[in-house]
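Visitor: You'll find input.csv just under this line, and it carries CSV, C-alpha atoms and all ligand atoms.
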```csv
chain,number,residue,atom,x,y,z
A,13,MET,CA,-18.0,10.4,-19.7
A,14,THR,CA,-19.8,8.3,-17.2
A,15,ILE,CA,-17.7,6.5,-14.6
A,16,GLU,CA,-18.4,2.8,-15.2
A,17,ARG,CA,-15.1,1.5,-13.8
A,18,LEU,CA,-13.5,3.1,-10.7
A,19,GLY,CA,-10.1,2.3,-9.4
A,20,ILE,CA,-9.3,3.0,-5.7
A,21,VAL,CA,-5.7,3.0,-4.4
A,22,GLY,CA,-5.2,2.5,-0.7
A,23,SER,CA,-6.8,0.1,1.7
A,24,GLY,CA,-7.2,2.3,4.8
A,25,ILE,CA,-10.4,3.6,6.4
A,26,MET,CA,-11.5,5.7,3.5
A,27,GLY,CA,-10.6,3.4,0.5
A,28,SER,CA,-13.0,0.6,1.7
A,29,GLY,CA,-15.8,3.0,2.4
A,30,ILE,CA,-15.6,4.6,-1.0
A,31,ALA,CA,-15.5,1.2,-2.7
A,32,GLU,CA,-18.8,0.3,-1.0
A,33,VAL,CA,-20.5,3.6,-2.0
A,34,ALA,CA,-19.4,3.3,-5.7
A,35,ALA,CA,-20.2,-0.4,-6.0
A,36,LYS,CA,-23.7,0.3,-4.6
A,37,ALA,CA,-24.1,3.0,-7.2
A,38,GLY,CA,-23.4,0.4,-9.9
A,39,ALA,CA,-19.8,1.0,-10.8
A,40,GLU,CA,-17.2,-1.8,-11.3
A,41,VAL,CA,-14.6,-1.2,-8.6
A,42,VAL,CA,-11.0,-2.3,-8.6
A,43,LEU,CA,-9.3,-1.9,-5.2
A,44,ARG,CA,-5.6,-1.7,-5.3
A,45,SER,CA,-3.4,-2.1,-2.2
A,46,ARG,CA,0.4,-2.7,-2.1
A,47,LYS,CA,-0.1,-6.2,-0.7
A,48,GLN,CA,-2.6,-8.7,-1.9
A,49,GLU,CA,-3.5,-9.7,1.7
A,50,THR,CA,-4.6,-6.1,2.6
A,51,ALA,CA,-6.5,-5.9,-0.7
A,52,ASP,CA,-8.3,-9.2,0.2
A,53,ALA,CA,-8.9,-7.9,3.7
A,54,MET,CA,-10.8,-5.0,2.2
A,55,LEU,CA,-13.1,-7.5,0.5
A,56,VAL,CA,-13.7,-9.3,3.8
A,57,GLY,CA,-14.5,-5.9,5.4
A,58,LEU,CA,-16.9,-5.1,2.5
A,59,ASP,CA,-18.6,-8.5,3.0
A,60,ARG,CA,-19.0,-7.9,6.7
A,61,SER,CA,-20.5,-4.4,6.1
A,62,LEU,CA,-23.0,-5.8,3.5
A,63,THR,CA,-24.0,-8.7,5.7
A,64,ARG,CA,-24.7,-6.3,8.5
A,65,GLN,CA,-26.9,-4.2,6.3
A,66,VAL,CA,-28.8,-7.3,5.1
A,67,ASP,CA,-29.3,-8.5,8.7
A,68,ARG,CA,-30.7,-5.1,9.6
A,69,GLY,CA,-33.1,-5.2,6.7
A,70,LYS,CA,-31.4,-2.2,5.0
A,71,LEU,CA,-30.3,-4.1,1.9
A,72,GLU,CA,-31.7,-7.0,-0.1
A,73,GLU,CA,-29.5,-10.1,-0.1
A,74,THR,CA,-29.5,-10.3,-4.0
A,75,GLU,CA,-28.4,-6.6,-4.1
A,76,ALA,CA,-25.6,-7.3,-1.6
A,77,HIS,CA,-24.4,-10.2,-3.8
A,78,ALA,CA,-24.5,-7.9,-6.9
A,79,VAL,CA,-22.5,-5.2,-5.1
A,80,ARG,CA,-19.9,-7.7,-3.9
A,81,ARG,CA,-19.6,-9.1,-7.5
A,82,ARG,CA,-18.7,-5.6,-8.8
A,83,VAL,CA,-15.6,-5.3,-6.5
A,84,SER,CA,-12.3,-6.9,-7.1
A,85,ALA,CA,-9.0,-6.6,-5.2
A,86,THR,CA,-5.5,-6.5,-6.5
A,87,ALA,CA,-1.9,-5.7,-5.6
A,88,ASP,CA,-1.2,-4.9,-9.3
A,89,LEU,CA,-1.3,-1.3,-10.3
A,90,GLU,CA,-1.7,-2.3,-14.0
A,91,ALA,CA,-5.1,-3.7,-13.1
A,92,LEU,CA,-6.3,0.0,-13.0
A,93,ALA,CA,-5.4,0.5,-16.7
A,94,ASP,CA,-9.0,0.5,-17.9
A,95,CYS,CA,-10.6,2.6,-15.2
A,96,ASP,CA,-12.5,5.7,-16.1
A,97,LEU,CA,-11.5,7.4,-12.8
A,98,VAL,CA,-8.8,6.3,-10.3
A,99,LEU,CA,-9.2,7.8,-6.8
A,100,GLU,CA,-6.1,7.5,-4.6
A,101,SER,CA,-6.7,7.3,-0.9
A,102,VAL,CA,-3.3,6.5,0.5
A,103,VAL,CA,-1.5,8.0,3.5
A,104,GLU,CA,-1.7,11.9,3.7
A,105,ASP,CA,1.9,12.4,2.6
A,106,LEU,CA,2.6,14.6,-0.4
A,107,ALA,CA,5.8,12.8,-1.5
A,108,VAL,CA,4.0,9.5,-1.5
A,109,LYS,CA,1.0,10.9,-3.4
A,110,LYS,CA,3.2,12.7,-6.0
A,111,GLN,CA,5.1,9.5,-6.8
A,112,LEU,CA,1.8,7.6,-7.0
A,113,PHE,CA,0.3,10.1,-9.5
A,114,ALA,CA,3.4,9.8,-11.8
A,115,GLU,CA,2.9,6.0,-11.7
A,116,LEU,CA,-0.8,6.2,-12.3
A,117,ASP,CA,-0.3,8.5,-15.2
A,118,ARG,CA,1.9,5.9,-16.9
A,119,VAL,CA,-0.5,3.0,-16.2
A,120,VAL,CA,-4.0,4.4,-16.6
A,121,LYS,CA,-5.6,4.9,-20.0
A,122,ASP,CA,-5.5,8.3,-21.7
A,123,GLY,CA,-8.4,10.5,-20.9
A,124,ALA,CA,-9.2,8.9,-17.6
A,125,ILE,CA,-9.5,11.1,-14.5
A,126,LEU,CA,-6.9,10.8,-11.8
A,127,ALA,CA,-8.3,12.0,-8.5
A,128,THR,CA,-7.1,12.4,-4.9
A,129,ASN,CA,-9.0,12.0,-1.7
A,130,THR,CA,-6.5,14.2,0.1
A,131,SER,CA,-7.9,16.2,3.1
A,132,THR,CA,-5.5,19.1,2.8
A,133,LEU,CA,-2.6,18.7,0.4
A,134,PRO,CA,-2.2,20.8,-2.7
A,135,VAL,CA,-3.9,18.9,-5.5
A,136,VAL,CA,-2.0,20.9,-8.2
A,137,GLU,CA,1.2,19.3,-6.9
A,138,MET,CA,-0.1,15.9,-7.9
A,139,ALA,CA,-1.5,17.2,-11.2
A,140,VAL,CA,1.8,18.5,-12.4
A,141,GLU,CA,3.4,15.0,-11.9
A,142,THR,CA,1.2,13.8,-14.7
A,143,GLY,CA,1.0,14.3,-18.4
A,144,ARG,CA,-2.7,15.1,-18.0
A,145,PRO,CA,-2.9,17.9,-15.4
A,146,ASP,CA,-6.3,19.0,-16.8
A,147,ARG,CA,-7.7,15.6,-15.9
A,148,VAL,CA,-6.7,15.8,-12.2
A,149,VAL,CA,-9.0,16.9,-9.4
A,150,GLY,CA,-9.7,16.3,-5.7
A,151,VAL,CA,-12.7,14.1,-4.9
A,152,HIS,CA,-12.8,14.4,-1.1
A,153,PHE,CA,-15.2,11.9,0.6
A,154,PHE,CA,-15.9,12.2,4.3
A,155,ASN,CA,-15.6,9.5,7.0
A,156,PRO,CA,-17.5,7.2,7.1
A,157,ALA,CA,-18.0,7.4,3.3
A,158,PRO,CA,-21.2,5.3,3.2
A,159,ALA,CA,-22.9,7.6,5.8
A,160,MET,CA,-21.6,11.1,5.0
A,161,SER,CA,-23.4,13.0,2.2
A,162,LEU,CA,-20.7,15.5,1.3
A,163,VAL,CA,-18.1,15.3,-1.4
A,164,GLU,CA,-15.8,18.2,-2.0
A,165,VAL,CA,-14.7,18.4,-5.6
A,166,VAL,CA,-11.4,20.3,-5.7
A,167,ARG,CA,-10.6,22.4,-8.8
A,168,THR,CA,-6.9,23.2,-9.3
A,169,LEU,CA,-5.6,26.1,-11.5
A,170,VAL,CA,-5.2,23.6,-14.3
A,171,SER,CA,-8.3,21.3,-14.0
A,172,SER,CA,-10.5,21.5,-17.0
A,173,ASP,CA,-14.2,22.5,-16.5
A,174,GLU,CA,-15.1,19.1,-18.1
A,175,THR,CA,-13.1,17.2,-15.5
A,176,VAL,CA,-14.7,19.1,-12.6
A,177,ALA,CA,-18.2,18.5,-14.1
A,178,GLU,CA,-17.5,14.8,-14.5
A,179,ALA,CA,-16.2,14.5,-10.9
A,180,VAL,CA,-19.4,16.3,-9.7
A,181,GLY,CA,-21.5,13.9,-11.8
A,182,PHE,CA,-19.6,10.9,-10.3
A,183,ALA,CA,-20.3,12.1,-6.8
A,184,GLN,CA,-24.0,12.6,-7.6
A,185,THR,CA,-24.2,9.1,-9.1
A,186,CYS,CA,-22.8,7.9,-5.8
A,187,GLY,CA,-25.8,9.6,-4.1
A,188,LYS,CA,-23.7,12.3,-2.6
A,189,GLU,CA,-24.1,16.1,-2.5
A,190,PRO,CA,-20.9,17.6,-4.1
A,191,VAL,CA,-19.6,21.1,-3.6
A,192,VAL,CA,-16.9,22.6,-5.8
A,193,VAL,CA,-14.0,24.3,-4.0
A,194,GLU,CA,-10.7,25.8,-5.1
A,195,ASP,CA,-7.4,24.1,-4.3
A,196,ARG,CA,-6.6,25.6,-0.8
A,197,ALA,CA,-5.4,23.5,2.1
A,198,GLY,CA,-8.3,22.0,4.0
A,199,PHE,CA,-10.8,23.1,1.3
A,200,ILE,CA,-14.0,24.1,3.1
A,201,VAL,CA,-14.7,21.6,5.9
A,202,ASN,CA,-11.2,20.8,7.3
A,203,ALA,CA,-10.1,24.5,7.1
A,204,LEU,CA,-13.0,25.3,9.4
A,205,LEU,CA,-13.1,22.1,11.5
A,206,PHE,CA,-9.4,21.5,12.4
A,207,PRO,CA,-8.8,24.7,14.5
A,208,TYR,CA,-11.8,23.6,16.6
A,209,LEU,CA,-10.5,20.0,16.9
A,210,ASN,CA,-7.0,21.2,17.7
A,211,ASN,CA,-8.2,23.6,20.3
A,212,ALA,CA,-10.2,20.9,22.0
A,213,VAL,CA,-6.9,18.9,22.5
A,214,ARG,CA,-5.3,22.1,23.8
A,215,MET,CA,-8.2,22.4,26.4
A,216,LEU,CA,-7.6,18.8,27.5
A,217,GLU,CA,-3.8,19.4,27.7
A,218,ASN,CA,-4.4,22.6,29.8
A,219,ARG,CA,-6.8,20.6,32.0
A,220,THR,CA,-9.5,23.1,31.4
A,221,ALA,CA,-12.0,20.2,31.4
A,222,SER,CA,-11.9,16.4,31.2
A,223,ARG,CA,-12.2,14.4,28.0
A,224,ASP,CA,-15.7,13.4,28.7
A,225,ASP,CA,-16.8,16.9,29.6
A,226,ILE,CA,-15.3,18.5,26.5
A,227,ASP,CA,-17.1,16.0,24.3
A,228,ALA,CA,-20.3,16.2,26.3
A,229,ALA,CA,-20.3,20.0,26.1
A,230,MET,CA,-20.0,20.2,22.3
A,231,LYS,CA,-22.7,17.5,21.9
A,232,GLY,CA,-25.1,19.0,24.4
A,233,GLY,CA,-24.3,22.7,23.7
A,234,CYS,CA,-24.0,22.6,19.9
A,235,ASN,CA,-26.0,19.6,19.1
A,236,PHE,CA,-23.0,18.0,17.4
A,237,PRO,CA,-23.4,14.2,16.9
A,238,MET,CA,-20.1,13.5,18.5
A,239,GLY,CA,-17.5,15.5,20.6
A,240,PRO,CA,-14.2,16.7,19.1
A,241,LEU,CA,-12.0,14.2,20.8
A,242,ALA,CA,-14.2,11.3,19.7
A,243,LEU,CA,-14.1,12.8,16.2
A,244,LEU,CA,-10.3,13.0,16.2
A,245,ASP,CA,-10.2,9.3,17.1
A,246,LEU,CA,-12.5,8.5,14.2
A,247,VAL,CA,-10.4,10.5,11.7
A,248,GLY,CA,-7.2,9.0,13.0
A,249,LEU,CA,-4.7,11.0,15.0
A,250,ASP,CA,-1.8,10.5,12.5
A,251,THR,CA,-4.0,11.7,9.7
A,252,SER,CA,-5.2,14.6,11.9
A,253,VAL,CA,-1.6,15.7,12.5
A,254,ALA,CA,-0.8,15.5,8.8
A,255,ILE,CA,-3.9,17.6,8.1
A,256,LEU,CA,-2.9,20.2,10.6
A,257,ASP,CA,0.7,20.3,9.3
A,258,ALA,CA,-0.5,20.9,5.8
A,259,LEU,CA,-2.9,23.7,7.0
A,260,TYR,CA,-0.1,25.3,9.0
A,261,THR,CA,2.3,25.1,6.1
A,262,GLU,CA,-0.2,26.9,3.9
A,263,PHE,CA,-1.6,29.6,6.2
A,264,ARG,CA,0.9,29.9,9.1
A,265,ASP,CA,-2.1,30.4,11.5
A,266,PRO,CA,-1.3,29.3,15.1
A,267,ASN,CA,-4.7,27.6,15.4
A,268,TYR,CA,-3.4,25.1,12.8
A,269,ALA,CA,-0.2,24.3,14.7
A,270,ALA,CA,-0.8,20.8,16.1
A,271,VAL,CA,-0.7,20.9,19.9
A,272,PRO,CA,2.1,18.9,21.5
A,273,LEU,CA,-0.2,16.3,23.1
A,274,LEU,CA,-1.7,15.3,19.7
A,275,ARG,CA,1.8,14.9,18.3
A,276,ARG,CA,3.0,12.9,21.3
A,277,MET,CA,0.0,10.5,21.0
A,278,VAL,CA,0.9,9.8,17.4
A,279,VAL,CA,4.5,9.0,18.3
A,280,ALA,CA,3.2,6.7,21.1
A,281,GLY,CA,1.1,4.8,18.5
A,282,HIS,CA,-2.2,6.1,20.0
A,283,LEU,CA,-3.9,6.7,16.6
A,284,GLY,CA,-7.5,6.5,17.6
A,285,ARG,CA,-10.0,3.8,16.5
A,286,LYS,CA,-7.7,2.3,13.9
A,287,SER,CA,-5.1,1.3,16.5
A,288,GLY,CA,-7.6,0.6,19.3
A,289,LEU,CA,-6.5,3.5,21.5
A,290,GLY,CA,-6.7,7.2,21.2
A,291,PHE,CA,-8.5,9.6,23.5
A,292,TYR,CA,-10.8,6.6,24.1
A,293,ASP,CA,-9.9,3.0,24.6
A,294,TYR,CA,-11.7,0.9,22.0
A,295,ALA,CA,-10.4,-2.4,23.3
A,296,LYS,CA,-12.7,-1.9,26.2
A,297,LYS,CA,-15.8,-1.6,24.1
B,301,LIG,N1,-9.6,9.4,8.0
B,301,LIG,C1,-10.4,10.4,7.6
B,301,LIG,O1,-11.4,10.7,8.3
B,301,LIG,C2,-10.3,10.9,6.2
B,301,LIG,C3,-11.5,11.6,5.6
B,301,LIG,C4,-11.4,12.0,4.3
B,301,LIG,C5,-10.2,11.9,3.6
B,301,LIG,N2,-9.1,11.3,4.2
B,301,LIG,C6,-7.9,11.1,3.4
B,301,LIG,O2,-7.9,9.8,2.8
B,301,LIG,C7,-6.5,9.4,2.6
B,301,LIG,C8,-6.3,8.1,3.4
B,301,LIG,O3,-6.7,8.3,4.7
B,301,LIG,P1,-7.2,7.0,5.6
B,301,LIG,O4,-7.8,7.7,6.8
B,301,LIG,O5,-7.9,6.0,4.8
B,301,LIG,O6,-5.7,6.5,6.1
B,301,LIG,P2,-5.3,5.1,6.7
B,301,LIG,O7,-4.2,5.4,7.6
B,301,LIG,O8,-6.5,4.3,7.2
B,301,LIG,O9,-4.8,4.3,5.4
B,301,LIG,C9,-3.7,4.8,4.7
B,301,LIG,C10,-3.4,3.8,3.5
B,301,LIG,O10,-2.2,4.3,2.8
B,301,LIG,C11,-1.4,3.2,2.6
B,301,LIG,N3,0.0,3.6,2.6
B,301,LIG,C12,0.8,4.0,3.6
B,301,LIG,N4,2.0,4.3,3.2
B,301,LIG,C13,2.0,4.2,1.9
B,301,LIG,C14,2.9,4.4,0.8
B,301,LIG,N5,4.2,4.8,1.1
B,301,LIG,N6,2.6,4.1,-0.5
B,301,LIG,C15,1.3,3.7,-0.7
B,301,LIG,N7,0.4,3.5,0.2
B,301,LIG,C16,0.7,3.7,1.5
B,301,LIG,C17,-1.6,2.2,3.8
B,301,LIG,O11,-1.2,0.9,3.5
B,301,LIG,C18,-3.2,2.4,3.9
B,301,LIG,O12,-3.8,1.5,3.0
B,301,LIG,C19,-5.7,10.5,3.2
B,301,LIG,O13,-5.3,11.4,2.1
B,301,LIG,C20,-6.6,11.3,4.1
B,301,LIG,O14,-6.2,12.6,4.3
B,301,LIG,C21,-9.2,10.7,5.4
```
Would you write out, as structure tokens, the structure that this file holds?
Ligand SMILES: NC(=O)c1ccc[n+]([C@@H]2O[C@H](COP(=O)([O-])OP(=O)(O)OC[C@H]3O[C@@H](n4cnc5c(N)ncnc54)[C@H](O)[C@@H]3O)[C@@H](O)[C@H]2O)c1

Guide:
Amino acid sequence: MTIERLGIVGSGIMGSGIAEVAAKAGAEVVLRSRKQETADAMLVGLDRSLTRQVDRGKLEETEAHAVRRRVSATADLEALADCDLVLESVVEDLAVKKQLFAELDRVVKDGAILATNTSTLPVVEMAVETGRPDRVVGVHFFNPAPAMSLVEVVRTLVSSDETVAEAVGFAQTCGKEPVVVEDRAGFIVNALLFPYLNNAVRMLENRTASRDDIDAAMKGGCNFPMGPLALLDLVGLDTSVAILDALYTEFRDPNYAAVPLLRRMVVAGHLGRKSGLGFYDYAKK
């Protein structure tokens, strides 16, 4: 089955980026947020992104209009009924995702794939909430979705080979380079990345080095495009703590135990770029 109509649930950082990628690849995209205002705000964000690309000469104006026409925004879950694949990208909270999968299963047509963009949570837990567990997989895009080439396709114990193959095909149609991974917390990238990010915060907390020197060291010494603290701000510190908690729950490895400073920053509302303040102050830029 080719994915002609894609549903995306969740209007955060990831939902809007994935919508742009899929619409550029030719899919009709239905964006669903709990409130019509936030769904509409995603369209405004998409317009802004497309206009920027036209201004920079990276996209033809006619193509930008065509992409924009393929995307609609709604607060109504029923509007996802005809989608071939629905990808949820709501908050990294298993209880919320499980409830959403049960609702999607009731609403979305038989045979459609239900997928999660979770970074770490057990995909099988969402699959068993549905009457079609074989049609559930993880389709994990990276941030920012338009720029990052990787998609991790997560196969659960009950995903069918057909579903995995269709999800891989969808990612390829989106111009991405998919890898297939089993359903373990953190999959490949976050299982390897988050001990590093967490230990960078520990270094800052222990005053081993300053924020700027930690980030400069990893850019200059490892040729990474950004330092760990800047990357945590990009991911979102609340999402990062949720990722570490899921990794720790699964593996009980102390490297996955979120360091106190990270947790305190989330409580204080310092969530990174999305709140304007994290390890860096974005209001100043
Ligand atoms: N941020 C990243 O770098 C990144 C990368 C890859 C995957 N992800 C995953 O994508 C998903 C979304 O992450 P994000 O960074 O876009 O988050 P975000 O904080 O930017 O957005 C979260 C979205 O969830 C919605 N939401 C919150 N509570 C909800 C509820 N109770 N019911 C329904 N919707 C609710 C919010 O309104 C918002 O639209 C998560 O599963 C995350 O792990 C994030």

Visitor: Please provide as a PyMOL selection string all residues within 12 Å of A:Asp94, with the sequence filter that same-chain residues fewer than 6 positions apart are discarded (counting only C-alpha atoms).

Guide: chain A and resi 15-19+40-42+116+119-125

Visitor: Extract, using all atoms listed in the file, all DNA, RNA and protein residues at most 10 Å from A:Lys286, discarding same-chain residues fewer than 5 positions from it, and format them as an mmCIF file with C-alpha atoms, keeping the file's coordinate frame.

Guide:
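Output saved as part-v3.cif:
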```cif
data_model
loop_
_atom_site.group_PDB
_atom_site.id
_atom_site.type_symbol
_atom_site.label_atom_id
_atom_site.label_comp_id
_atom_site.auth_asym_id
_atom_site.auth_seq_id
_atom_site.Cartn_x
_atom_site.Cartn_y
_atom_site.Cartn_z
ATOM 1 C CA GLY A 24 -7.200 2.300 4.800
ATOM 2 C CA ILE A 25 -10.400 3.600 6.400
ATOM 3 C CA ASP A 245 -10.200 9.300 17.100
ATOM 4 C CA LEU A 246 -12.500 8.500 14.200
ATOM 5 C CA VAL A 247 -10.400 10.500 11.700
ATOM 6 C CA GLY A 248 -7.200 9.000 13.000
ATOM 7 C CA LEU A 249 -4.700 11.000 15.000
ATOM 8 C CA TYR A 294 -11.700 0.900 22.000
#
```

Visitor: List the spatial neighbours of A:Leu205 as a compact mmCIF listing (two decimals) with C-alpha atoms, in the frame of the given file - criterion: any atom at most 12 Å away, all atoms listed in the file, same-chain residues fewer than 6 positions off excluded.

Guide:
```txt
# COMPACT_ATOMS: atom_id res chain seq x y z
CA SER A 131 -7.90 16.20 3.10
CA THR A 132 -5.50 19.10 2.80
CA GLY A 198 -8.30 22.00 4.00
CA PHE A 199 -10.80 23.10 1.30
CA ASN A 211 -8.20 23.60 20.30
CA ALA A 212 -10.20 20.90 22.00
CA PRO A 240 -14.20 16.70 19.10
CA LEU A 243 -14.10 12.80 16.20
CA LEU A 244 -10.30 13.00 16.20
CA VAL A 247 -10.40 10.50 11.70
CA SER A 252 -5.20 14.60 11.90
CA ILE A 255 -3.90 17.60 8.10
CA LEU A 256 -2.90 20.20 10.60
CA LEU A 259 -2.90 23.70 7.00
CA ASN A 267 -4.70 27.60 15.40
CA TYR A 268 -3.40 25.10 12.80
```

Visitor: Ligand LIG 301 (chain B): which residues are within 6 Å, counting all atoms listed in the file? Reply as a list in words.

Guide: Gly22, Ser23, Gly24, Ile25, Met26, Gly27, Ser101, Val102, Val103, Glu104, Val108, Asn129, Thr130, Ser131, His152, Phe153, Phe154, Asn155, Val247, Gly248 and Thr251 of chain A

Visitor: Keeping only C-alpha atoms, take the residues you just selected and write them out as an mmCIF file, in the frame of the given file.

Guide:
```cif
data_model
loop_
_atom_site.group_PDB
_atom_site.id
_atom_site.type_symbol
_atom_site.label_atom_id
_atom_site.label_comp_id
_atom_site.auth_asym_id
_atom_site.auth_seq_id
_atom_site.Cartn_x
_atom_site.Cartn_y
_atom_site.Cartn_z
ATOM 1 C CA GLY A 22 -5.200 2.500 -0.700
ATOM 2 C CA SER A 23 -6.800 0.100 1.700
ATOM 3 C CA GLY A 24 -7.200 2.300 4.800
ATOM 4 C CA ILE A 25 -10.400 3.600 6.400
ATOM 5 C CA MET A 26 -11.500 5.700 3.500
ATOM 6 C CA GLY A 27 -10.600 3.400 0.500
ATOM 7 C CA SER A 101 -6.700 7.300 -0.900
ATOM 8 C CA VAL A 102 -3.300 6.500 0.500
ATOM 9 C CA VAL A 103 -1.500 8.000 3.500
ATOM 10 C CA GLU A 104 -1.700 11.900 3.700
ATOM 11 C CA VAL A 108 4.000 9.500 -1.500
ATOM 12 C CA ASN A 129 -9.000 12.000 -1.700
ATOM 13 C CA THR A 130 -6.500 14.200 0.100
ATOM 14 C CA SER A 131 -7.900 16.200 3.100
ATOM 15 C CA HIS A 152 -12.800 14.400 -1.100
ATOM 16 C CA PHE A 153 -15.200 11.900 0.600
ATOM 17 C CA PHE A 154 -15.900 12.200 4.300
ATOM 18 C CA ASN A 155 -15.600 9.500 7.000
ATOM 19 C CA VAL A 247 -10.400 10.500 11.700
ATOM 20 C CA GLY A 248 -7.200 9.000 13.000
ATOM 21 C CA THR A 251 -4.000 11.700 9.700
#
```

Visitor: Find the spatial neighbours of A:Arg118, counting only C-alpha atoms, within a cut-off of 10 Å - ignore same-chain residues fewer than 4 positions away - and output them as a PyMOL selection string.

Guide: chain A and resi 90+93+113-114+122+142-143

Visitor: Rank A:Ala197, A:Arg82, A:Val148, A:Cys186 by their smallest atom-to-atom distance to A:Asp173, using all atoms listed in the file, and report the top residue only.

Guide: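 Of the candidates, the smallest distance to A:Asp173 is held by A:Val148.
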
Visitor: May I ask for the distance between atom CA of A:Thr74 and atom CA of A:Ala34, given in Å to one decimal place?

Guide: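 Between atom CA of A:Thr74 and atom CA of A:Ala34 the gap works out to 17.0 Å.
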
Visitor: Name the closest residue to A:Val56 among the candidates A:Met277, A:Ala91, A:Ala269, A:Val83; distances are taken between atoms, counting only C-alpha atoms.

Guide: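 Going through A:Met277, A:Ala91, A:Ala269, A:Val83 one by one, the smallest distance to A:Val56 is for A:Val83.
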
Visitor: Around (3.1, -2.5, -6.8) in the file's own coordinates, what residues are found within 6 Å if you use only C-alpha atoms, given back as a short mmCIF file (atom, residue, chain, number, x, y, z; two decimals) with C-alpha atoms, keeping the file's coordinate frame?

Guide:
```cif
data_model
loop_
_atom_site.label_atom_id
_atom_site.label_comp_id
_atom_site.auth_asym_id
_atom_site.auth_seq_id
_atom_site.Cartn_x
_atom_site.Cartn_y
_atom_site.Cartn_z
CA ARG A 46 0.40 -2.70 -2.10
CA ASP A 88 -1.20 -4.90 -9.30
CA LEU A 89 -1.30 -1.30 -10.30
#
```

Visitor: Could you pull the residues within 6 Å of stretch 157-165 of chain A, counting all atoms listed in the file, minus those fewer than 5 positions along the same chain, as a ChimeraX atom specification?

Guide: /A:29-30,33,150-152,188-192

Visitor: Could you tell me which of A:Arg60, A:Lys110, A:Arg167, A:Arg80 comes closest to A:Val140 if we count all atoms listed in the file?

Guide: A:Lys110

Visitor: By how many Å are atom CA of A:Asp59 and atom CA of A:Ala127 apart?

Guide: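 For atom CA of A:Asp59 relative to atom CA of A:Ala127, the distance reads 25.7 Å.
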